[in-house]
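First comes the structure, then the notes that go with it.
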Amino acid sequence: MGSLTQHPAYVALIGHLKEAATLGTTNAVLGWDEQTYLPPGGAEHRAEQTALLAGMYHQRMTDPQLGEWLATLEEQLPPDASEHDVAVWVNVRETRRRYDRATRTPRALVEELSRVATMAQQVWVAARRASDFSLFLPWLEKMVTLKREQAQAQQTDEHATLYDVLLDEYEPGMRAADVQRVFEPLREELTRLLGEITASGRRPRREVLQREYPVARQRELAIRVAEWIGFDFERGRLDESPHPFCTSLGPHDCRLTTRYDPHYFNSAFFGTLHEAGHGLYEQGLPPDAFGTPMGETVSLGIHESQSRMWENFVGRSRGFWRYCFPRLQEAFPEVLDDVSEDEFHFAVNDVQPSFIRVEADEVTYNLHIMLRFELEQEIIAGELKPADVPEEWNRRFERDFGLRPPDDAQGCLQDVHWSAGLIGYFPTYALGNMYAAQFYRAADRDLGELQGLFGRGDFTPLRRWLNEKIHRHGMRFRAAELVRVVCGEPLDHRPLIDHLRRKLAPLYGLQAVTD
Ligand code: ZN
């Protein structure tokens, strides 16, 4: 059988998708501007602009013609198309998935979800500021009802739970039970590791990160670091925003943002490495396939694996600091005169239980995620009432961290996700950490000693490896399959634990390997 790439239905489908992607990226330009430079007075008209474009995009993605082209192509696809006509097979598979999700959701529900999300986020800001959960509760209840309705509408497989349907939006093909299978042993190992670290009594000189770091110097350093790891500034930019993010405005235009704190080194430095990691993924996608699934990223979890790779596996490694620390001392003369390379490396790997997820270290971060994963599954299943969330949050937080949040602002009100309707999103962060550990181990095996390369400032081999093994495939493989293809093994929590133990053991004086 020949390829279907010249089939009129396929040509029409691709043209339609590319046009929709042009609309989508036009909206992304407006979104980027809104979060960086838009003056407050422009907000109202901007909301109208983005709503109009979002409506046009939605219309194209639910166009009955799209359904007809898909049906025609599905009939024509030979059974071995997944091997012999890969691009067509993947583009049809993913477009079908999106088309079904979009057309199964009633328009009234889409609009109501969008309206409630906008309102709920505003109320959430006020509730968090006042640390008053009762303000937010009616909006959380509304949101949960709507998300359950959405999941019911989109459910096509009777074996999938409502939560599975929500998770599938962010991590296609993944089920809550798959996540649970790796989270359980991960939690056990992390808790044990955290206990050993706490018992060791060793602590880094954390104050070295909280000295005076002039913003102008930090800005220069952020650009240099993004360049070291290969972010292409001919095809991207780094700007500032209160909440750092990465967004793609087209096949050759990737925007990163970071935020500078003159009294805290980590914020801009690791924030930039994180977002630049996302950016390298976007810049590594095949530009010719732009606008089609073959030119898109696999899932939120795989996206997060790329940011964590550069932030933690590279940026918090011993080899990286061998190269970076002398340059840091030059960039901030006198600030770090009394600090050694080892001390600085220990400081950026400080592990300590704390209340806020986004400030958490590499060990405790995943425990924050598992707590949210537990709660949101029970909420969607109807086993946990939204009104009982604060009490349950605090009880389980104490179980996992040995601390009780002093108020809801530092507990169940800290994250924007639930107010924005992003339920089923949290587990992708911890999946990203596990995927990153597995990819890092495979890259280290393929490329030899990565730490030696980092010590010489050579980050190109790793970036090329990620391009070759992950980025260039677009959505060809689902996350679970990609891990199997790249690493030769299924999703596994152990590489992450090995990575943490190997790094933290010499710092905290622990055993490197247990049993
Ligand atoms: Zn991220």
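Residues in the structure tokens are numbered from 1 in each chain, the chains being A, B, ... in the order shown, and ligands are numbered from 1 in the order shown.
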Show me which residues sit within 9 Å of ligand 1 when counting only C-alpha atoms and all ligand atoms, and put them as a count of residues only. 15
Residues of region 345-425 of chain A at most 12 Å from region 503-506 of chain A: nearest atom pair and distance in Å, only C-alpha atoms, as a Markdown table:
```
| residue | atom | partner | partner_atom | distance |
| --- | --- | --- | --- | --- |
| A:His345 | CA | A:Lys503 | CA | 10.4 |
| A:Phe346 | CA | A:Leu504 | CA | 8.7 |
| A:Ala347 | CA | A:Leu504 | CA | 11.5 |
| A:Val348 | CA | A:Leu504 | CA | 11.3 |
| A:Asn349 | CA | A:Leu504 | CA | 7.8 |
| A:Asp350 | CA | A:Leu504 | CA | 9.2 |
| A:Val351 | CA | A:Leu504 | CA | 9.0 |
| A:Asp361 | CA | A:Leu504 | CA | 11.8 |
| A:Glu362 | CA | A:Leu504 | CA | 10.4 |
| A:Val363 | CA | A:Leu504 | CA | 9.8 |
```
Tell me which protein, DNA and RNA residues are within 9 Å of His417 (chain A), counting only C-alpha atoms, leaving out same-chain ones fewer than 6 positions away, and put them as a PyMOL selection string. chain A and resi 121+423+425-426
Could you dump the residues just selected with N, CA and C atoms as an mmCIF file, in the first residue's frame?
```cif
data_model
loop_
_atom_site.group_PDB
_atom_site.id
_atom_site.type_symbol
_atom_site.label_atom_id
_atom_site.label_comp_id
_atom_site.auth_asym_id
_atom_site.auth_seq_id
_atom_site.Cartn_x
_atom_site.Cartn_y
_atom_site.Cartn_z
ATOM 1 N N GLN A 121 -11.140 31.892 39.555
ATOM 2 C CA GLN A 121 -9.745 32.307 39.745
ATOM 3 C C GLN A 121 -9.669 33.647 40.466
ATOM 4 N N ILE A 423 -8.049 19.953 36.785
ATOM 5 C CA ILE A 423 -8.102 18.794 37.676
ATOM 6 C C ILE A 423 -7.627 17.582 36.878
ATOM 7 N N TYR A 425 -4.287 17.420 36.455
ATOM 8 C CA TYR A 425 -3.069 18.042 35.922
ATOM 9 C C TYR A 425 -1.870 17.757 36.820
ATOM 10 N N PHE A 426 -2.087 17.806 38.162
ATOM 11 C CA PHE A 426 -0.972 17.689 39.112
ATOM 12 C C PHE A 426 -0.058 16.474 38.899
#
```
DSSP on the backbone: what in region 226-451 of chain A comes out alpha helix (DSSP H), as a compact mmCIF listing (two decimals) with N, CA, C and O atoms, in the first residue's frame?
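Full text of result.txt as output:
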```
# COMPACT_ATOMS: atom_id res chain seq x y z
N ALA A 226 20.95 30.11 29.47
CA ALA A 226 20.06 29.57 28.42
C ALA A 226 20.86 29.28 27.15
O ALA A 226 20.63 28.28 26.47
N GLU A 227 21.85 30.14 26.86
CA GLU A 227 22.71 29.91 25.69
C GLU A 227 23.61 28.68 25.88
O GLU A 227 23.77 27.90 24.94
N TRP A 228 24.17 28.53 27.06
CA TRP A 228 25.02 27.35 27.32
C TRP A 228 24.29 26.07 26.95
O TRP A 228 24.86 25.18 26.34
N PHE A 265 18.77 33.89 44.90
CA PHE A 265 19.44 33.47 43.67
C PHE A 265 18.62 32.46 42.86
O PHE A 265 18.53 32.54 41.64
N ASN A 266 18.00 31.48 43.54
CA ASN A 266 17.36 30.36 42.84
C ASN A 266 16.24 30.77 41.89
O ASN A 266 16.06 30.16 40.84
N SER A 267 15.48 31.77 42.29
CA SER A 267 14.26 32.11 41.58
C SER A 267 14.49 32.30 40.07
O SER A 267 13.91 31.57 39.26
N ALA A 268 15.35 33.23 39.68
CA ALA A 268 15.58 33.46 38.25
C ALA A 268 16.45 32.38 37.63
O ALA A 268 16.21 31.94 36.50
N PHE A 269 17.48 31.94 38.36
CA PHE A 269 18.46 31.02 37.77
C PHE A 269 17.83 29.68 37.42
O PHE A 269 17.86 29.23 36.27
N PHE A 270 17.22 29.04 38.41
CA PHE A 270 16.62 27.73 38.14
C PHE A 270 15.31 27.87 37.37
O PHE A 270 14.94 26.98 36.60
N GLY A 271 14.61 29.00 37.57
CA GLY A 271 13.41 29.27 36.77
C GLY A 271 13.75 29.34 35.29
O GLY A 271 13.04 28.78 34.44
N THR A 272 14.86 30.00 34.96
CA THR A 272 15.27 30.11 33.56
C THR A 272 15.67 28.75 33.00
O THR A 272 15.27 28.38 31.88
N LEU A 273 16.45 27.99 33.77
CA LEU A 273 16.83 26.65 33.29
C LEU A 273 15.59 25.80 33.04
O LEU A 273 15.51 25.07 32.05
N HIS A 274 14.62 25.90 33.95
CA HIS A 274 13.39 25.13 33.81
C HIS A 274 12.65 25.51 32.53
O HIS A 274 12.34 24.66 31.70
N GLU A 275 12.38 26.81 32.38
CA GLU A 275 11.62 27.24 31.20
C GLU A 275 12.41 27.02 29.91
O GLU A 275 11.84 26.68 28.87
N ALA A 276 13.73 27.20 29.96
CA ALA A 276 14.54 26.96 28.76
C ALA A 276 14.51 25.47 28.39
O ALA A 276 14.59 25.12 27.21
N GLY A 277 14.37 24.60 29.38
CA GLY A 277 14.23 23.17 29.11
C GLY A 277 12.95 22.90 28.33
O GLY A 277 12.93 22.15 27.35
N HIS A 278 11.85 23.55 28.76
CA HIS A 278 10.61 23.47 27.98
C HIS A 278 10.86 24.03 26.57
O HIS A 278 10.39 23.48 25.58
N GLY A 279 11.59 25.14 26.51
CA GLY A 279 11.85 25.82 25.23
C GLY A 279 12.66 24.97 24.27
O GLY A 279 12.40 24.96 23.07
N LEU A 280 13.65 24.22 24.79
CA LEU A 280 14.45 23.36 23.92
C LEU A 280 13.58 22.28 23.28
O LEU A 280 13.81 21.88 22.14
N TYR A 281 12.60 21.81 24.04
CA TYR A 281 11.66 20.81 23.48
C TYR A 281 10.89 21.45 22.32
O TYR A 281 10.83 20.89 21.22
N GLU A 282 10.34 22.64 22.55
CA GLU A 282 9.57 23.32 21.50
C GLU A 282 10.47 23.59 20.28
O GLU A 282 10.06 23.39 19.14
N GLN A 283 11.71 24.03 20.54
CA GLN A 283 12.61 24.34 19.43
C GLN A 283 13.11 23.08 18.71
O GLN A 283 13.57 23.17 17.57
N GLY A 284 12.99 21.93 19.37
CA GLY A 284 13.46 20.69 18.76
C GLY A 284 12.39 19.95 17.96
O GLY A 284 12.67 18.94 17.33
N LEU A 300 1.91 16.67 28.92
CA LEU A 300 2.47 17.58 29.92
C LEU A 300 3.60 16.91 30.70
O LEU A 300 4.58 17.55 31.07
N GLY A 301 3.45 15.62 30.98
CA GLY A 301 4.48 14.91 31.74
C GLY A 301 5.80 14.87 30.97
O GLY A 301 6.87 15.10 31.55
N ILE A 302 5.74 14.58 29.68
CA ILE A 302 6.97 14.56 28.88
C ILE A 302 7.54 15.98 28.77
O ILE A 302 8.76 16.18 28.85
N HIS A 303 6.67 16.97 28.63
CA HIS A 303 7.15 18.36 28.58
C HIS A 303 7.90 18.68 29.87
O HIS A 303 9.00 19.25 29.87
N GLU A 304 7.30 18.28 31.00
CA GLU A 304 7.92 18.57 32.29
C GLU A 304 9.23 17.79 32.46
O GLU A 304 10.14 18.27 33.13
N SER A 305 9.34 16.63 31.84
CA SER A 305 10.59 15.88 31.95
C SER A 305 11.74 16.68 31.33
O SER A 305 12.88 16.60 31.79
N GLN A 306 11.42 17.47 30.30
CA GLN A 306 12.46 18.24 29.63
C GLN A 306 12.89 19.44 30.46
O GLN A 306 14.07 19.80 30.51
N SER A 307 11.94 20.07 31.14
CA SER A 307 12.31 21.21 32.00
C SER A 307 13.08 20.73 33.23
O SER A 307 14.06 21.33 33.65
N ARG A 308 12.62 19.62 33.82
CA ARG A 308 13.30 19.09 35.01
C ARG A 308 14.69 18.56 34.68
O ARG A 308 15.59 18.58 35.51
N ARG A 318 26.72 18.09 40.31
CA ARG A 318 28.07 18.46 40.71
C ARG A 318 28.88 18.97 39.52
O ARG A 318 29.59 19.96 39.60
N GLY A 319 28.77 18.26 38.39
CA GLY A 319 29.54 18.64 37.19
C GLY A 319 29.18 20.05 36.72
O GLY A 319 30.06 20.85 36.39
N PHE A 320 27.91 20.35 36.73
CA PHE A 320 27.45 21.66 36.28
C PHE A 320 28.09 22.77 37.12
O PHE A 320 28.55 23.79 36.59
N TRP A 321 28.15 22.57 38.43
CA TRP A 321 28.69 23.63 39.30
C TRP A 321 30.20 23.75 39.21
O TRP A 321 30.76 24.81 39.48
N ARG A 322 30.86 22.66 38.82
CA ARG A 322 32.30 22.78 38.58
C ARG A 322 32.54 23.82 37.49
O ARG A 322 33.43 24.64 37.56
N TYR A 323 31.71 23.77 36.47
CA TYR A 323 31.84 24.73 35.37
C TYR A 323 31.28 26.10 35.74
O TYR A 323 31.87 27.14 35.45
N CYS A 324 30.13 26.09 36.39
CA CYS A 324 29.39 27.35 36.59
C CYS A 324 29.90 28.19 37.75
O CYS A 324 29.89 29.42 37.67
N PHE A 325 30.37 27.56 38.83
CA PHE A 325 30.66 28.35 40.03
C PHE A 325 31.72 29.44 39.83
O PHE A 325 31.50 30.59 40.24
N PRO A 326 32.86 29.16 39.18
CA PRO A 326 33.84 30.24 38.96
C PRO A 326 33.23 31.39 38.16
O PRO A 326 33.55 32.55 38.39
N ARG A 327 32.34 31.07 37.23
CA ARG A 327 31.69 32.10 36.41
C ARG A 327 30.69 32.90 37.24
O ARG A 327 30.48 34.09 37.01
N LEU A 328 30.08 32.23 38.20
CA LEU A 328 29.14 32.89 39.09
C LEU A 328 29.90 33.89 39.99
O LEU A 328 29.46 35.02 40.20
N GLN A 329 31.05 33.44 40.48
CA GLN A 329 31.87 34.33 41.33
C GLN A 329 32.31 35.57 40.56
O GLN A 329 32.35 36.66 41.10
N GLU A 330 32.62 35.38 39.26
CA GLU A 330 33.00 36.53 38.42
C GLU A 330 31.82 37.47 38.20
O GLU A 330 31.96 38.68 38.20
N ALA A 331 30.62 36.88 38.01
CA ALA A 331 29.43 37.69 37.73
C ALA A 331 29.00 38.49 38.97
O ALA A 331 28.43 39.59 38.84
N GLU A 341 32.87 26.05 46.11
CA GLU A 341 32.05 25.39 45.10
C GLU A 341 31.17 24.29 45.75
O GLU A 341 29.98 24.18 45.45
N ASP A 342 31.78 23.52 46.65
CA ASP A 342 31.03 22.45 47.33
C ASP A 342 29.89 23.01 48.16
O ASP A 342 28.79 22.45 48.16
N GLU A 343 30.17 24.10 48.86
CA GLU A 343 29.13 24.68 49.71
C GLU A 343 27.96 25.20 48.87
O GLU A 343 26.80 25.06 49.25
N PHE A 344 28.30 25.80 47.72
CA PHE A 344 27.23 26.32 46.88
C PHE A 344 26.40 25.18 46.29
O PHE A 344 25.17 25.22 46.28
N HIS A 345 27.07 24.14 45.84
CA HIS A 345 26.37 22.98 45.30
C HIS A 345 25.44 22.35 46.35
O HIS A 345 24.31 21.96 46.06
N PHE A 346 25.91 22.28 47.59
CA PHE A 346 25.09 21.75 48.68
C PHE A 346 23.87 22.67 48.90
O PHE A 346 22.73 22.20 49.03
N ALA A 347 24.10 23.98 48.88
CA ALA A 347 23.01 24.93 49.14
C ALA A 347 21.88 24.80 48.11
O ALA A 347 20.70 24.86 48.45
N TYR A 365 9.12 17.61 46.75
CA TYR A 365 8.20 18.07 45.70
C TYR A 365 7.18 16.99 45.33
O TYR A 365 5.98 17.24 45.24
N ASN A 366 7.65 15.79 45.13
CA ASN A 366 6.77 14.71 44.69
C ASN A 366 5.74 14.32 45.74
O ASN A 366 4.64 13.88 45.42
N LEU A 367 6.08 14.50 47.02
CA LEU A 367 5.11 14.23 48.09
C LEU A 367 3.97 15.24 48.04
O LEU A 367 2.81 14.90 48.30
N HIS A 368 4.30 16.49 47.70
CA HIS A 368 3.26 17.51 47.53
C HIS A 368 2.27 17.08 46.43
O HIS A 368 1.07 17.26 46.55
N ILE A 369 2.82 16.55 45.35
CA ILE A 369 2.00 16.15 44.21
C ILE A 369 1.08 14.98 44.57
O ILE A 369 -0.11 14.97 44.26
N MET A 370 1.64 13.99 45.28
CA MET A 370 0.86 12.80 45.61
C MET A 370 -0.33 13.14 46.51
O MET A 370 -1.40 12.56 46.36
N LEU A 371 -0.13 14.09 47.40
CA LEU A 371 -1.23 14.51 48.27
C LEU A 371 -2.38 15.11 47.43
O LEU A 371 -3.55 14.78 47.62
N ARG A 372 -2.03 15.94 46.47
CA ARG A 372 -3.06 16.54 45.61
C ARG A 372 -3.74 15.48 44.74
O ARG A 372 -4.94 15.53 44.50
N PHE A 373 -2.95 14.54 44.25
CA PHE A 373 -3.47 13.47 43.40
C PHE A 373 -4.52 12.65 44.15
O PHE A 373 -5.60 12.36 43.64
N GLU A 374 -4.18 12.31 45.40
CA GLU A 374 -5.11 11.57 46.26
C GLU A 374 -6.42 12.33 46.43
O GLU A 374 -7.51 11.80 46.20
N LEU A 375 -6.30 13.59 46.83
CA LEU A 375 -7.49 14.39 47.13
C LEU A 375 -8.36 14.60 45.90
O LEU A 375 -9.57 14.46 45.95
N GLU A 376 -7.75 14.95 44.77
CA GLU A 376 -8.59 15.27 43.62
C GLU A 376 -9.29 14.05 43.05
O GLU A 376 -10.41 14.15 42.55
N GLN A 377 -8.66 12.89 43.18
CA GLN A 377 -9.38 11.67 42.76
C GLN A 377 -10.62 11.45 43.61
O GLN A 377 -11.69 11.11 43.11
N GLU A 378 -10.47 11.63 44.94
CA GLU A 378 -11.60 11.42 45.84
C GLU A 378 -12.69 12.47 45.62
O GLU A 378 -13.87 12.16 45.71
N ILE A 379 -12.29 13.69 45.31
CA ILE A 379 -13.27 14.75 45.06
C ILE A 379 -14.10 14.41 43.82
O ILE A 379 -15.32 14.49 43.82
N ILE A 380 -13.41 14.01 42.74
CA ILE A 380 -14.12 13.71 41.49
C ILE A 380 -14.98 12.45 41.64
O ILE A 380 -16.08 12.36 41.08
N ALA A 381 -14.52 11.49 42.43
CA ALA A 381 -15.30 10.27 42.65
C ALA A 381 -16.49 10.52 43.58
O ALA A 381 -17.32 9.64 43.78
N VAL A 389 -12.20 19.58 52.32
CA VAL A 389 -10.84 19.62 51.78
C VAL A 389 -9.81 20.18 52.77
O VAL A 389 -8.76 19.56 52.98
N PRO A 390 -10.08 21.32 53.44
CA PRO A 390 -9.03 21.87 54.33
C PRO A 390 -8.62 20.89 55.42
O PRO A 390 -7.41 20.68 55.65
N GLU A 391 -9.59 20.27 56.06
CA GLU A 391 -9.28 19.34 57.16
C GLU A 391 -8.47 18.14 56.65
O GLU A 391 -7.47 17.75 57.23
N GLU A 392 -8.92 17.59 55.50
CA GLU A 392 -8.23 16.43 54.94
C GLU A 392 -6.83 16.79 54.46
O GLU A 392 -5.88 16.02 54.57
N TRP A 393 -6.71 17.96 53.87
CA TRP A 393 -5.40 18.44 53.39
C TRP A 393 -4.42 18.47 54.57
O TRP A 393 -3.33 17.92 54.51
N ASN A 394 -4.87 19.13 55.66
CA ASN A 394 -3.97 19.32 56.79
C ASN A 394 -3.61 17.99 57.46
O ASN A 394 -2.46 17.77 57.85
N ARG A 395 -4.61 17.13 57.58
CA ARG A 395 -4.37 15.83 58.20
C ARG A 395 -3.32 15.04 57.40
O ARG A 395 -2.36 14.50 57.94
N ARG A 396 -3.49 15.01 56.08
CA ARG A 396 -2.57 14.22 55.25
C ARG A 396 -1.21 14.90 55.11
O ARG A 396 -0.19 14.23 54.97
N PHE A 397 -1.22 16.22 55.16
CA PHE A 397 0.07 16.93 55.09
C PHE A 397 0.92 16.56 56.30
O PHE A 397 2.12 16.31 56.19
N GLU A 398 0.27 16.52 57.45
CA GLU A 398 0.98 16.17 58.68
C GLU A 398 1.50 14.72 58.61
O GLU A 398 2.62 14.43 59.04
N ARG A 399 0.68 13.85 58.03
CA ARG A 399 1.08 12.45 57.85
C ARG A 399 2.37 12.36 57.00
O ARG A 399 3.29 11.64 57.31
N ASP A 400 2.44 13.16 55.92
CA ASP A 400 3.55 13.05 54.97
C ASP A 400 4.76 13.89 55.34
O ASP A 400 5.89 13.54 55.02
N PHE A 401 4.54 15.04 55.96
CA PHE A 401 5.64 15.98 56.19
C PHE A 401 5.96 16.20 57.67
O PHE A 401 6.93 16.88 57.99
N PRO A 427 -0.62 15.26 38.69
CA PRO A 427 0.29 14.11 38.60
C PRO A 427 1.33 14.24 37.49
O PRO A 427 2.40 13.65 37.58
N THR A 428 1.04 15.06 36.47
CA THR A 428 2.01 15.16 35.36
C THR A 428 3.34 15.75 35.82
O THR A 428 4.37 15.48 35.22
N TYR A 429 3.33 16.56 36.88
CA TYR A 429 4.60 17.12 37.39
C TYR A 429 5.51 16.01 37.92
O TYR A 429 6.72 15.99 37.64
N ALA A 430 4.93 15.10 38.72
CA ALA A 430 5.75 14.03 39.30
C ALA A 430 6.12 13.00 38.23
O ALA A 430 7.22 12.44 38.24
N LEU A 431 5.19 12.76 37.28
CA LEU A 431 5.53 11.88 36.16
C LEU A 431 6.73 12.46 35.42
O LEU A 431 7.65 11.74 35.03
N GLY A 432 6.74 13.77 35.24
CA GLY A 432 7.86 14.45 34.56
C GLY A 432 9.17 14.17 35.26
O GLY A 432 10.19 13.91 34.60
N ASN A 433 9.18 14.20 36.58
CA ASN A 433 10.41 13.92 37.33
C ASN A 433 10.88 12.48 37.10
O ASN A 433 12.08 12.22 36.97
N MET A 434 9.92 11.56 37.06
CA MET A 434 10.31 10.15 36.84
C MET A 434 10.79 9.91 35.41
O MET A 434 11.80 9.24 35.19
N TYR A 435 10.07 10.47 34.44
CA TYR A 435 10.50 10.34 33.04
C TYR A 435 11.91 10.93 32.88
O TYR A 435 12.78 10.36 32.22
N ALA A 436 12.13 12.10 33.50
CA ALA A 436 13.44 12.77 33.37
C ALA A 436 14.55 11.86 33.88
O ALA A 436 15.61 11.74 33.26
N ALA A 437 14.30 11.21 35.03
CA ALA A 437 15.33 10.33 35.61
C ALA A 437 15.63 9.17 34.66
O ALA A 437 16.79 8.78 34.48
N GLN A 438 14.58 8.63 34.05
CA GLN A 438 14.79 7.50 33.13
C GLN A 438 15.54 7.95 31.87
O GLN A 438 16.44 7.27 31.40
N PHE A 439 15.16 9.13 31.34
CA PHE A 439 15.85 9.64 30.15
C PHE A 439 17.31 9.95 30.47
O PHE A 439 18.21 9.68 29.68
N TYR A 440 17.53 10.55 31.65
CA TYR A 440 18.90 10.93 32.01
C TYR A 440 19.79 9.68 32.08
O TYR A 440 20.90 9.66 31.58
N ARG A 441 19.25 8.64 32.71
CA ARG A 441 20.03 7.41 32.84
C ARG A 441 20.35 6.82 31.46
O ARG A 441 21.48 6.38 31.22
N ALA A 442 19.36 6.84 30.57
CA ALA A 442 19.59 6.31 29.22
C ALA A 442 20.62 7.16 28.47
O ALA A 442 21.49 6.64 27.77
N ALA A 443 20.55 8.48 28.62
CA ALA A 443 21.49 9.38 27.94
C ALA A 443 22.90 9.16 28.48
O ALA A 443 23.88 9.13 27.73
N ASP A 444 23.01 9.00 29.80
CA ASP A 444 24.30 8.79 30.44
C ASP A 444 24.95 7.50 29.94
O ASP A 444 26.15 7.43 29.71
N ARG A 445 24.11 6.50 29.75
CA ARG A 445 24.58 5.22 29.23
C ARG A 445 25.05 5.36 27.77
O ARG A 445 26.10 4.89 27.39
N ASP A 446 24.24 6.08 26.97
CA ASP A 446 24.57 6.24 25.54
C ASP A 446 25.78 7.14 25.32
O ASP A 446 26.55 6.94 24.38
N LEU A 447 25.91 8.20 26.13
CA LEU A 447 26.89 9.25 25.84
C LEU A 447 28.15 9.14 26.69
O LEU A 447 29.07 9.93 26.53
N LEU A 450 28.17 11.89 31.54
CA LEU A 450 27.61 13.23 31.31
C LEU A 450 28.21 14.27 32.26
O LEU A 450 28.45 15.41 31.88
N GLN A 451 28.45 13.86 33.51
CA GLN A 451 28.97 14.82 34.49
C GLN A 451 30.32 15.40 34.05
O GLN A 451 30.60 16.56 34.29
```
Within 9 Å of region 193-201 of chain A using only C-alpha atoms, minus same-chain residues under 3 positions, as a list in words: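 The filter keeps Glu188, Glu189, Leu190, Val351, Gln352, Pro353, Val363, Thr364, Ile497, Leu500, Arg501, Leu504, Ala505, Tyr508, Gly509 and Leu510 of chain A.
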Which residues of region 155-201 of chain A come within 8 Å of region 478-492 of chain A, and what is each one's closest atom pair and distance in Å (one decimal), counting only C-alpha atoms, sorted by chain and residue number, as a Markdown table?
```
| residue | atom | partner | partner_atom | distance |
| --- | --- | --- | --- | --- |
| A:Glu171 | CA | A:Ala479 | CA | 7.5 |
| A:Pro172 | CA | A:Arg478 | CA | 6.9 |
| A:Gly173 | CA | A:Arg478 | CA | 6.9 |
| A:Met174 | CA | A:Ala480 | CA | 7.7 |
| A:Val182 | CA | A:Asp492 | CA | 6.4 |
```
Set the distance at 12 Å and use only C-alpha atoms: which residues neighbour region 106-119 of chain A once local chain neighbours fewer than 2 positions away are removed? I'd like the list as an MDAnalysis selection string. chainID A and resid 47 51 54:55 58:59 62 100:104 121:126 136 138:154 416:423
Separation of CA of Arg60 (chain A) and CA of Asp288 (chain A), in Å? 21.1 Å
